[in-house]
Amino acid sequence: MHRLTLTDIARALAAKQFSAEELTRNLLARIQQLDPQLNSFISLTEDLAVQQAKAADARRAAGENGALLGIPIAHKDLFCTQGIRTSCASKMLDTFIAPYDATVVSQLAAAGTVTLGKTNMDEFAMGSASESSYYGAVKNPWNLAHVPGGSSGGSAAAVAARLLPAATGSDTGGSIRQPAALTNLTGIKPTYGRVSRWGMIAFASSLDQGGPLARNAEDCALLLQAMAGFDPKDSTSVDEPVPDYSAGLNAGLQGLRIGLPREYFGPGLDPRIAELTQNVVKELEKLGAVVKDISLPTLQHGIAAYYVIAPAEASSNLSRFDGARFGHRCNDPQNLEDMYKRSRAEGFGSEVQRRILVGAYALSAGYYDAYYLQAQKIRRLIKNDFMTAFENVDVILGPTTPNTAWKIGENSDDPVAAYLEDVYTITANLAGLPGLSMPAGFVDGLPVGVQLLAPYFQEGRLLNVAHRYQQVSDWHQQSPAGF
């Protein structure tokens, strides 16, 4: 059962080859057996999962046949789940039991999904390796000595290891696409505002966006269909009709204009990844696509702008965690100031503290104009570059990451090295564009991903291109040895 894709499971459940309860118990046993190697889960919700599976079976027996009815998934541990610990992989929220469901959680539950648990991640989604978790680093199933990427590394590792068919993630600077690339999955970051952020614990509010991680584009289309839509509880949610993503998967690519930014293929990119990326381009050309060279001149400033804006928003969002209202509180504080200082020092890990300090500095009275304001101007220029490019092309293609997954601990003493791994992904968040990563091959036994970007609300186009490529390739069907 564990080798089936989400789409395969949906067909099997509809054909009554097995029940949702049988599948759920099978996968829970598999997680218990194999996850100690990976550390991809923070919490398992066995009782809830069996209860939801039985309910899904009852709904099918009554005549329902939804695509996600009885499908087991897991949620990244920053989506609030009522009555279940929602920790954000931080000591600060280690004991926090969410009093409500995030909109993403409730919408997927309404579609009939079965929640197996909450997945590990970088603390408060701050990181590119899923190493900063209070519960320990997540390991890449393709090589347990390597990272799975971040911050949605737990979701990615669990799906890649066939512990479950799909999982939710969030993407602030590449945190769905980058781990998808490093673990041989398909992951999509929707347009900003396409998926509700209500109940998703915020890192950087103008950048965060939820999305799915699965084995292929067909599965991602089914999940995104249930996740997307307007939410009046989220002031950043966009009231835009949600198309049928599955219906457009098989559309032809004849005449599709693909832009290749020359800035993606400069120094810093592993030449073997560049070659695999060009191989994808050749396959898409065989399917009828037309390739054009384009330029995104302000791409080089993306990392600098992102690592001012994101920490600035984080310093504001995380100010609520002070030991007074909820979250970790230090023992025996001498006074209010002592409680604030020690609670935050004990509750936050080093990467979170580093970003809070950077953000507070960038927002301070003497430096706001010099740093934060300038970063926002660069953000606008980056958006303008994309808008100019999309006047001449339909999608933009390039590598998702400049390198394959690095070894656990390799960049621990050099946070800037880890930041540079996001060079190709962060600009989509700064501009609010949809982006997708899909498997494109292997280098030294480690997966490589290719990224597709499209204009606003063109997620269907990304899924279409990825699906057509996956019909003529088999990289996405490869699975790690031992899992």
# chains A, B, ... in the order shown; residues from 1 in each chain; ligands from 1
>>> residues_around(residues="Trp475 in chain A", least_positions_apart="4", cutoff="9 Å", atoms="only C-alpha atoms", output="count of residues only")
7
>>> residues_around(residues="range 16-19 of chain A", least_positions_apart="3", cutoff="9 Å", atoms="only C-alpha atoms", output="list in words")
Arg11, Ala12, Leu13, Glu22, Leu23, Thr24, Ala53, Lys54, Ala56, Asp57 and Gly70 of chain A
>>> select_by_dssp(residues="range 263-385 of chain A", states="strand (DSSP E or B)", output="list in words")
Val290, Val291, Lys292, Asp293 and Ile294 of chain A
>>> closest_atom_pairs(of="range 158-268 of chain A", to="range 477-482 of chain A", cutoff="8 Å", atoms="only C-alpha atoms", output="tab-separated table")
residue	atom	partner	partner_atom	distance
A:Ala160	CA	A:Ser479	CA	7.0
A:Ala161	CA	A:Pro480	CA	6.7
A:Asn184	CA	A:Gln478	CA	7.8
A:Arg215	CA	A:Gln477	CA	7.7
>>> write_last_selection(atoms="N, CA and C atoms", output="PDB file, in the first residue's frame")
ATOM      1  N   ALA A 160       8.890  11.210   0.968  1.00  0.00           N
ATOM      2  CA  ALA A 160       9.932  10.564   0.156  1.00  0.00           C
ATOM      3  C   ALA A 160      10.212   9.147   0.624  1.00  0.00           C
ATOM      4  N   ALA A 161      10.100   8.917   1.938  1.00  0.00           N
ATOM      5  CA  ALA A 161      10.358   7.588   2.502  1.00  0.00           C
ATOM      6  C   ALA A 161       9.142   6.672   2.429  1.00  0.00           C
ATOM      7  N   ASN A 184      13.428  14.440  -3.984  1.00  0.00           N
ATOM      8  CA  ASN A 184      12.824  13.827  -5.170  1.00  0.00           C
ATOM      9  C   ASN A 184      11.300  13.855  -5.159  1.00  0.00           C
ATOM     10  N   ARG A 215       4.283  13.108  -4.501  1.00  0.00           N
ATOM     11  CA  ARG A 215       5.248  12.473  -5.386  1.00  0.00           C
ATOM     12  C   ARG A 215       5.180  12.975  -6.812  1.00  0.00           C
TER      13      ARG A 215
END
>>> closest_residue(among="A:Gln471, A:Thr191, A:Asn464, A:Asn317", to="Tyr245 in chain A", atoms="only C-alpha atoms")
A:Asn464
>>> closest_residue(among="A:Ala314, A:Ala10, A:Ala305, A:Val443", to="Ala375 in chain A", atoms="only C-alpha atoms")
A:Ala305
>>> residues_around(residues="range 71-77 of chain A", least_positions_apart="6", cutoff="6 Å", atoms="only C-alpha atoms", output="mmCIF file with C-alpha atoms, in the first residue's frame")
data_model
loop_
_atom_site.group_PDB
_atom_site.id
_atom_site.type_symbol
_atom_site.label_atom_id
_atom_site.label_comp_id
_atom_site.auth_asym_id
_atom_site.auth_seq_id
_atom_site.Cartn_x
_atom_site.Cartn_y
_atom_site.Cartn_z
ATOM 1 C CA THR A 86 1.285 22.602 17.550
ATOM 2 C CA CYS A 88 6.521 24.951 15.400
ATOM 3 C CA THR A 113 -8.299 13.312 4.583
ATOM 4 C CA VAL A 114 -6.905 11.365 7.530
ATOM 5 C CA THR A 115 -4.347 13.159 9.726
ATOM 6 C CA LEU A 116 -1.535 10.800 10.745
ATOM 7 C CA GLY A 117 0.444 13.418 12.652
ATOM 8 C CA LYS A 118 2.486 16.623 12.681
ATOM 9 C CA THR A 119 5.820 16.766 10.893
ATOM 10 C CA ALA A 166 1.446 13.474 0.761
ATOM 11 C CA ALA A 167 1.811 16.218 3.364
ATOM 12 C CA THR A 168 1.307 19.938 3.810
ATOM 13 C CA GLY A 169 4.155 22.413 3.968
#
>>> atom_distance(atom1="CA of Gln178 in chain A", atom2="CA of Gly229 in chain A")
24.4 Å
>>> residues_around(residues="Leu463 in chain A", least_positions_apart="6", cutoff="7 Å", atoms="only C-alpha atoms", output="compact mmCIF listing (two decimals) with C-alpha atoms, in the first residue's frame")
# COMPACT_ATOMS: atom_id res chain seq x y z
CA ALA A 217 2.00 16.87 -10.05
CA ALA A 221 -3.33 19.09 -8.06
CA LEU A 249 -3.17 18.44 -16.39
>>> residues_around(residues="Ser235 in chain A", least_positions_apart="6", cutoff="12 Å", atoms="only C-alpha atoms", output="PyMOL selection string")
chain A and resi 192-198+205-206
>>> residues_around(residues="Gly449 in chain A", least_positions_apart="6", cutoff="9 Å", atoms="only C-alpha atoms", output="CSV table (one decimal) with N, CA and C atoms, in the first residue's frame")
chain,number,residue,atom,x,y,z
A,177,ARG,N,9.5,24.1,-2.0
A,177,ARG,CA,10.2,23.7,-3.3
A,177,ARG,C,11.6,23.2,-3.0
A,178,GLN,N,12.4,23.8,-2.1
A,178,GLN,CA,13.7,23.3,-1.8
A,178,GLN,C,13.8,21.9,-1.2
A,180,ALA,N,11.5,19.7,-1.5
A,180,ALA,CA,11.0,18.8,-2.6
A,180,ALA,C,12.1,18.4,-3.5
A,181,ALA,N,12.9,19.4,-3.9
A,181,ALA,CA,14.0,19.1,-4.8
A,181,ALA,C,15.1,18.2,-4.2
A,182,LEU,N,15.3,18.4,-2.9
A,182,LEU,CA,16.4,17.6,-2.2
A,182,LEU,C,15.9,16.2,-1.9
A,183,THR,N,14.6,15.9,-2.0
A,183,THR,CA,14.1,14.6,-1.6
A,183,THR,C,13.4,13.9,-2.8
A,184,ASN,N,13.4,14.4,-4.0
A,184,ASN,CA,12.8,13.8,-5.2
A,184,ASN,C,11.3,13.9,-5.2
A,185,LEU,N,10.7,15.0,-4.7
A,185,LEU,CA,9.3,15.1,-4.7
A,185,LEU,C,8.8,16.3,-5.6
A,186,THR,N,7.5,16.4,-5.8
A,186,THR,CA,6.9,17.6,-6.4
A,186,THR,C,6.3,18.4,-5.3
A,273,ILE,N,24.0,19.9,-12.1
A,273,ILE,CA,22.6,20.3,-12.0
A,273,ILE,C,22.2,21.1,-13.2
A,276,LEU,N,21.4,18.7,-15.9
A,276,LEU,CA,20.1,18.0,-15.7
A,276,LEU,C,19.0,19.0,-16.0
A,277,THR,N,19.1,20.2,-15.7
A,277,THR,CA,18.1,21.2,-16.0
A,277,THR,C,17.9,21.4,-17.5
A,399,PRO,N,17.0,25.7,-12.2
A,399,PRO,CA,17.3,24.8,-11.1
A,399,PRO,C,16.6,25.3,-9.9
A,400,THR,N,16.1,24.4,-9.0
A,400,THR,CA,15.5,24.8,-7.7
A,400,THR,C,16.6,25.2,-6.7
A,401,THR,N,17.7,24.4,-6.7
A,401,THR,CA,18.8,24.7,-5.8
A,401,THR,C,20.1,24.6,-6.5
A,404,THR,N,23.1,19.9,-4.4
A,404,THR,CA,22.3,18.8,-3.8
A,404,THR,C,22.4,18.9,-2.3
A,437,SER,N,8.5,22.8,-7.8
A,437,SER,CA,9.7,22.1,-8.0
A,437,SER,C,9.3,20.6,-8.4
A,438,MET,N,10.0,20.1,-9.3
A,438,MET,CA,9.7,18.7,-9.7
A,438,MET,C,11.1,17.9,-9.9
A,439,PRO,N,11.0,16.6,-9.7
A,439,PRO,CA,12.3,15.8,-9.8
A,439,PRO,C,12.9,15.9,-11.2
A,440,ALA,N,14.2,15.9,-11.3
A,440,ALA,CA,14.9,16.1,-12.6
A,440,ALA,C,16.1,15.2,-12.8
A,441,GLY,N,16.4,14.3,-11.8
A,441,GLY,CA,17.5,13.4,-11.9
A,441,GLY,C,18.3,13.4,-10.6
A,442,PHE,N,19.5,12.8,-10.7
A,442,PHE,CA,20.3,12.6,-9.5
A,442,PHE,C,21.8,12.9,-9.8
>>> residues_around(residues="Gly302 in chain A", least_positions_apart="6", cutoff="12 Å", atoms="only C-alpha atoms", output="ChimeraX atom specification")
/A:173,263,296,308-310,374-383,385,419-420,422-431
>>> closest_residue(among="A:Ser350, A:Gln82, A:Ser295, A:Ser170", to="Tyr100 in chain A", atoms="only C-alpha atoms")
A:Gln82
>>> select_by_dssp(residues="range 289-398 of chain A", states="alpha helix (DSSP H)", output="JSON, numbers by chain")
{"A": [302, 303, 304, 305, 306, 307, 308, 309, 310, 311, 312, 313, 314, 315, 316, 317, 336, 337, 338, 339, 340, 341, 342, 343, 344, 345, 346, 347, 350, 351, 352, 353, 354, 355, 356, 357, 358, 359, 360, 361, 362, 363, 374, 375, 376, 377, 378, 379, 380, 381, 382, 383, 384, 385, 386, 387, 388, 389]}
>>> closest_residue(among="A:Leu69, A:Gly409, A:Ile396, A:Glu421", to="Gly150 in chain A", atoms="only C-alpha atoms")
A:Glu421
